[in-house]
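Structure first, commentary second.
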Amino acid sequence: MTDSAWTTKRGSLGERWRDRPHWVGRAALGWAVAQGAFALACGPTGALLSGDDGRLTLWLSWYVTVVSVLAAGAVVCALRNPGRPGVRRLLWAACGLSALSAFGLLMDVVGLLFGQGVDSTPRAVLHALGLVGMVLLAATAHAHGSAGCPRCGLPHTARSTAGPAPSAAPRRVHAFAWAGSLAFAPYAWMKTTWVTGGTFAGITDDDMLAAARRNGASGLWLTLESWGVDGTALLAALGVFLLFGLIRPWGQVFPRWTLFLAGRRVPRWLPLVPALIGVGTLLPYGVVGVGYVSLATAGLLPVRPGDFPTADDALLVAWTGLTAFAVYGVALAVATRSYWSRTRPVCPGTTGSGADGPAGIPAAERLLDERR
């Protein structure tokens, strides 16, 4: 094995995070302080509360305040004691809790994309801050890990110039992907029923258009509706496309139908960025939403009919949409983890054929000697 076979270039995002652990840690600490201050302004002080959304914003702000304090403490411990497993676990726990606070970001983005606006500006800001915190806390946990590969002991910068060969995900991951895709079938049927003139949950196509105009829908949304196409159904189709790209080989090498890109390796970040954003928004939104409608169905929480004739109709629509988001979110998380693992840069110490030299010295030890 020669030096040219492996790269020592520090180009990947994860490697740059590891090279600057204090920088990313301070960024995460600044985020925790800023988010905590904004959450206090939204909830306990009541400075930014308005309208009938105050109760939900109040509960979210209290939750975000607690997460901010926990995250700040974890980051301070990481800055003072880098590399400790307990500190890293605390960072990952804070990362997961921050992801939960981003549960409504998807609906905020859809509302802004199609001109309907957001239900609550303070809540939308808290949702966005939750996603930012998830990224920064994950980066901090990654940056404060061990300096070498746990499999071979080499520095993380000694990676193969080429990624592993394209491969499909295991059958178990395929089963999750199919479940996540099929979960959207009732949701797509509901949306298609409305845009094609049918009735579902006591609402007709004319009722949906009137509600969309009343809520300030954009011309793009209304045009798609007039063509019999629902915007959220299109987004669901894109989500299914992403899901299968994560589990099939064509998600690692561009297939023939991509024309001039055919045969080129797909940049690892290209599917991972939208996948991680989807996991951070869809999964908590669906899981929290299913929990809420479960309590509402049991009569433990009030239900407002909104634009629907009865509260039962509103619950029917909520179950149809939120179940799809929850199942798809879980499937997307499983597929993302599989893609992350299958496309991870090759570890020199665990390379198959040719890993050992003629003298039988393991590749990891030999490369370390060469680097010295």
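A note on labels: chains of the structure tokens are A, B, ... as shown, every chain counts residues from 1, and ligands are counted from 1 in their shown order.
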
Could you list, with a cut-off of 8 Å and counting only C-alpha atoms, the residues of region 245-289 of chain A near region 323-327 of chain A, each shown with its nearest atom pair and the distance in Å rounded to one decimal, rows sorted by chain and ascending number, as CSV?
residue,atom,partner,partner_atom,distance
A:Leu282,CA,A:Phe325,CA,5.9
A:Leu283,CA,A:Ala326,CA,5.5
A:Pro284,CA,A:Ala326,CA,7.6
A:Tyr285,CA,A:Ala326,CA,7.2
A:Gly286,CA,A:Ala326,CA,3.8
A:Val287,CA,A:Ala326,CA,5.2

Go ahead and save the picked residues with N, CA, C and O atoms, as a PDB file, in the first residue's frame.
ATOM      1  N   LEU A 282     -39.784  15.774  10.387  1.00  0.00           N
ATOM      2  CA  LEU A 282     -40.917  14.865  10.195  1.00  0.00           C
ATOM      3  C   LEU A 282     -41.093  13.893  11.357  1.00  0.00           C
ATOM      4  O   LEU A 282     -42.215  13.658  11.814  1.00  0.00           O
ATOM      5  N   LEU A 283     -39.984  13.318  11.825  1.00  0.00           N
ATOM      6  CA  LEU A 283     -40.090  12.313  12.881  1.00  0.00           C
ATOM      7  C   LEU A 283     -40.702  12.887  14.163  1.00  0.00           C
ATOM      8  O   LEU A 283     -41.699  12.357  14.665  1.00  0.00           O
ATOM      9  N   PRO A 284     -40.148  13.976  14.715  1.00  0.00           N
ATOM     10  CA  PRO A 284     -40.783  14.518  15.930  1.00  0.00           C
ATOM     11  C   PRO A 284     -42.181  15.060  15.671  1.00  0.00           C
ATOM     12  O   PRO A 284     -43.065  14.930  16.527  1.00  0.00           O
ATOM     13  N   TYR A 285     -42.398  15.661  14.475  1.00  0.00           N
ATOM     14  CA  TYR A 285     -43.735  16.183  14.169  1.00  0.00           C
ATOM     15  C   TYR A 285     -44.759  15.049  14.151  1.00  0.00           C
ATOM     16  O   TYR A 285     -45.848  15.163  14.735  1.00  0.00           O
ATOM     17  N   GLY A 286     -44.407  13.956  13.488  1.00  0.00           N
ATOM     18  CA  GLY A 286     -45.341  12.842  13.408  1.00  0.00           C
ATOM     19  C   GLY A 286     -45.557  12.158  14.739  1.00  0.00           C
ATOM     20  O   GLY A 286     -46.697  11.867  15.125  1.00  0.00           O
ATOM     21  N   VAL A 287     -44.478  11.911  15.480  1.00  0.00           N
ATOM     22  CA  VAL A 287     -44.592  11.200  16.750  1.00  0.00           C
ATOM     23  C   VAL A 287     -45.345  12.041  17.782  1.00  0.00           C
ATOM     24  O   VAL A 287     -46.263  11.560  18.455  1.00  0.00           O
TER      25      VAL A 287
END

| request: Check region 76-313 of chain A with DSSP on the backbone and list each residue it calls helix (DSSP H, G or I), as number ranges by chain. | output: A: 76-80, 85-100, 105-113, 121-143, 171-182, 184-195, 205-214, 219-226, 231-247, 249-251, 256-261, 269-297, 311-313

Please save C-alpha atoms of the selected residues as a compact mmCIF listing (two decimals), in the first residue's frame.
# COMPACT_ATOMS: atom_id res chain seq x y z
CA VAL A 76 -19.44 23.43 28.76
CA CYS A 77 -18.56 19.93 30.01
CA ALA A 78 -17.42 18.97 26.50
CA LEU A 79 -15.20 22.04 26.20
CA ARG A 80 -13.57 21.28 29.55
CA PRO A 85 -17.95 9.10 26.63
CA GLY A 86 -20.37 10.35 29.29
CA VAL A 87 -20.15 13.90 27.99
CA ARG A 88 -20.76 12.74 24.44
CA ARG A 89 -23.84 10.80 25.52
CA LEU A 90 -25.13 13.91 27.23
CA LEU A 91 -24.56 15.91 24.04
CA TRP A 92 -26.44 13.34 21.97
CA ALA A 93 -29.31 13.36 24.48
CA ALA A 94 -29.53 17.16 24.22
CA CYS A 95 -29.39 16.80 20.44
CA GLY A 96 -32.40 14.48 20.46
CA LEU A 97 -34.37 16.76 22.76
CA SER A 98 -33.58 19.73 20.53
CA ALA A 99 -34.81 17.80 17.50
CA LEU A 100 -38.17 17.31 19.25
CA LEU A 105 -40.88 23.23 11.27
CA LEU A 106 -42.14 21.19 8.33
CA MET A 107 -45.58 22.79 8.43
CA ASP A 108 -43.96 26.21 8.81
CA VAL A 109 -41.88 25.63 5.68
CA VAL A 110 -44.87 24.34 3.72
CA GLY A 111 -46.92 27.35 4.81
CA LEU A 112 -44.21 29.78 3.75
CA LEU A 113 -43.55 27.88 0.51
CA THR A 121 -44.14 33.49 14.40
CA PRO A 122 -42.62 32.83 17.86
CA ARG A 123 -43.31 29.11 17.53
CA ALA A 124 -41.84 29.07 14.02
CA VAL A 125 -38.65 30.68 15.32
CA LEU A 126 -38.45 28.13 18.15
CA HIS A 127 -38.90 25.30 15.63
CA ALA A 128 -36.07 26.67 13.47
CA LEU A 129 -33.81 27.14 16.49
CA GLY A 130 -34.48 23.54 17.47
CA LEU A 131 -33.20 22.31 14.11
CA VAL A 132 -30.13 24.55 14.30
CA GLY A 133 -29.43 23.24 17.78
CA MET A 134 -29.74 19.64 16.61
CA VAL A 135 -27.05 20.26 13.97
CA LEU A 136 -24.70 22.16 16.31
CA LEU A 137 -25.02 19.66 19.16
CA ALA A 138 -24.42 16.73 16.81
CA ALA A 139 -21.37 18.55 15.41
CA THR A 140 -20.10 19.19 18.93
CA ALA A 141 -20.52 15.53 19.90
CA HIS A 142 -18.75 14.52 16.71
CA ALA A 143 -15.92 17.04 17.20
CA ARG A 171 -33.71 -6.27 3.57
CA ARG A 172 -34.75 -5.01 6.98
CA VAL A 173 -34.09 -1.42 5.87
CA HIS A 174 -36.02 -2.08 2.65
CA ALA A 175 -38.98 -3.22 4.74
CA PHE A 176 -38.90 0.06 6.68
CA ALA A 177 -38.71 2.01 3.41
CA TRP A 178 -41.73 0.24 1.97
CA ALA A 179 -43.67 0.81 5.20
CA GLY A 180 -42.80 4.51 5.12
CA SER A 181 -43.85 4.80 1.49
CA LEU A 182 -47.13 2.91 1.91
CA PHE A 184 -48.39 7.97 2.57
CA ALA A 185 -51.03 6.12 0.51
CA PRO A 186 -54.05 7.15 2.67
CA TYR A 187 -52.70 10.70 2.89
CA ALA A 188 -52.23 10.93 -0.88
CA TRP A 189 -55.68 9.44 -1.46
CA MET A 190 -57.24 12.01 0.89
CA LYS A 191 -55.51 14.92 -0.85
CA THR A 192 -56.29 13.57 -4.32
CA THR A 193 -59.94 13.12 -3.38
CA TRP A 194 -60.18 16.80 -2.52
CA VAL A 195 -58.39 18.18 -5.59
CA ASP A 205 -62.97 20.56 -3.12
CA ASP A 206 -64.81 23.89 -3.10
CA ASP A 207 -64.54 24.02 0.69
CA MET A 208 -60.78 23.39 0.53
CA LEU A 209 -60.26 26.10 -2.09
CA ALA A 210 -62.30 28.57 -0.07
CA ALA A 211 -60.28 27.76 3.06
CA ALA A 212 -57.01 28.08 1.10
CA ARG A 213 -57.99 31.53 -0.20
CA ARG A 214 -59.13 32.58 3.26
CA GLY A 219 -51.08 31.60 -6.64
CA LEU A 220 -48.84 28.56 -7.10
CA TRP A 221 -50.89 26.55 -4.61
CA LEU A 222 -54.20 27.58 -6.15
CA THR A 223 -52.93 26.85 -9.67
CA LEU A 224 -51.83 23.36 -8.71
CA GLU A 225 -55.19 22.76 -7.04
CA SER A 226 -57.00 23.86 -10.18
CA GLY A 231 -48.71 20.55 -3.37
CA THR A 232 -48.22 18.45 -0.25
CA ALA A 233 -48.83 15.27 -2.25
CA LEU A 234 -45.99 16.34 -4.55
CA LEU A 235 -43.75 16.86 -1.54
CA ALA A 236 -44.70 13.39 -0.29
CA ALA A 237 -43.68 11.92 -3.67
CA LEU A 238 -40.31 13.68 -3.41
CA GLY A 239 -39.94 12.24 0.09
CA VAL A 240 -40.52 8.71 -1.20
CA PHE A 241 -37.97 9.33 -3.98
CA LEU A 242 -35.41 10.41 -1.37
CA LEU A 243 -36.20 7.38 0.78
CA PHE A 244 -35.48 4.90 -2.00
CA GLY A 245 -32.40 6.83 -3.07
CA LEU A 246 -31.01 6.17 0.41
CA ILE A 247 -31.47 2.40 0.17
CA PRO A 249 -27.27 1.79 -5.26
CA TRP A 250 -28.43 4.62 -7.56
CA GLY A 251 -28.37 6.85 -4.50
CA ARG A 256 -28.32 6.30 -16.64
CA TRP A 257 -31.44 8.46 -16.69
CA THR A 258 -29.47 11.36 -15.17
CA LEU A 259 -27.84 11.80 -18.62
CA PHE A 260 -24.53 13.71 -18.33
CA LEU A 261 -24.23 12.81 -14.62
CA TRP A 269 -23.91 15.24 1.47
CA LEU A 270 -26.45 15.54 -1.37
CA PRO A 271 -28.98 13.00 -0.04
CA LEU A 272 -27.85 13.20 3.60
CA VAL A 273 -28.60 16.91 4.09
CA PRO A 274 -32.31 16.73 3.12
CA ALA A 275 -32.59 13.35 4.84
CA LEU A 276 -31.26 14.67 8.15
CA ILE A 277 -33.48 17.74 7.90
CA GLY A 278 -36.44 15.46 7.19
CA VAL A 279 -35.62 13.25 10.17
CA GLY A 280 -35.26 16.30 12.41
CA THR A 281 -38.65 17.69 11.39
CA LEU A 282 -40.92 14.87 10.19
CA LEU A 283 -40.09 12.31 12.88
CA PRO A 284 -40.78 14.52 15.93
CA TYR A 285 -43.74 16.18 14.17
CA GLY A 286 -45.34 12.84 13.41
CA VAL A 287 -44.59 11.20 16.75
CA VAL A 288 -45.64 14.20 18.84
CA GLY A 289 -48.70 14.70 16.63
CA VAL A 290 -49.80 11.07 16.96
CA GLY A 291 -49.43 11.37 20.72
CA TYR A 292 -51.54 14.53 20.73
CA VAL A 293 -54.37 13.11 18.61
CA SER A 294 -54.31 9.93 20.72
CA LEU A 295 -54.99 12.00 23.83
CA ALA A 296 -57.58 14.03 21.93
CA THR A 297 -59.33 10.88 20.70
CA ALA A 311 -64.32 17.54 15.76
CA ASP A 312 -64.46 13.88 14.63
CA ASP A 313 -63.81 14.96 11.03
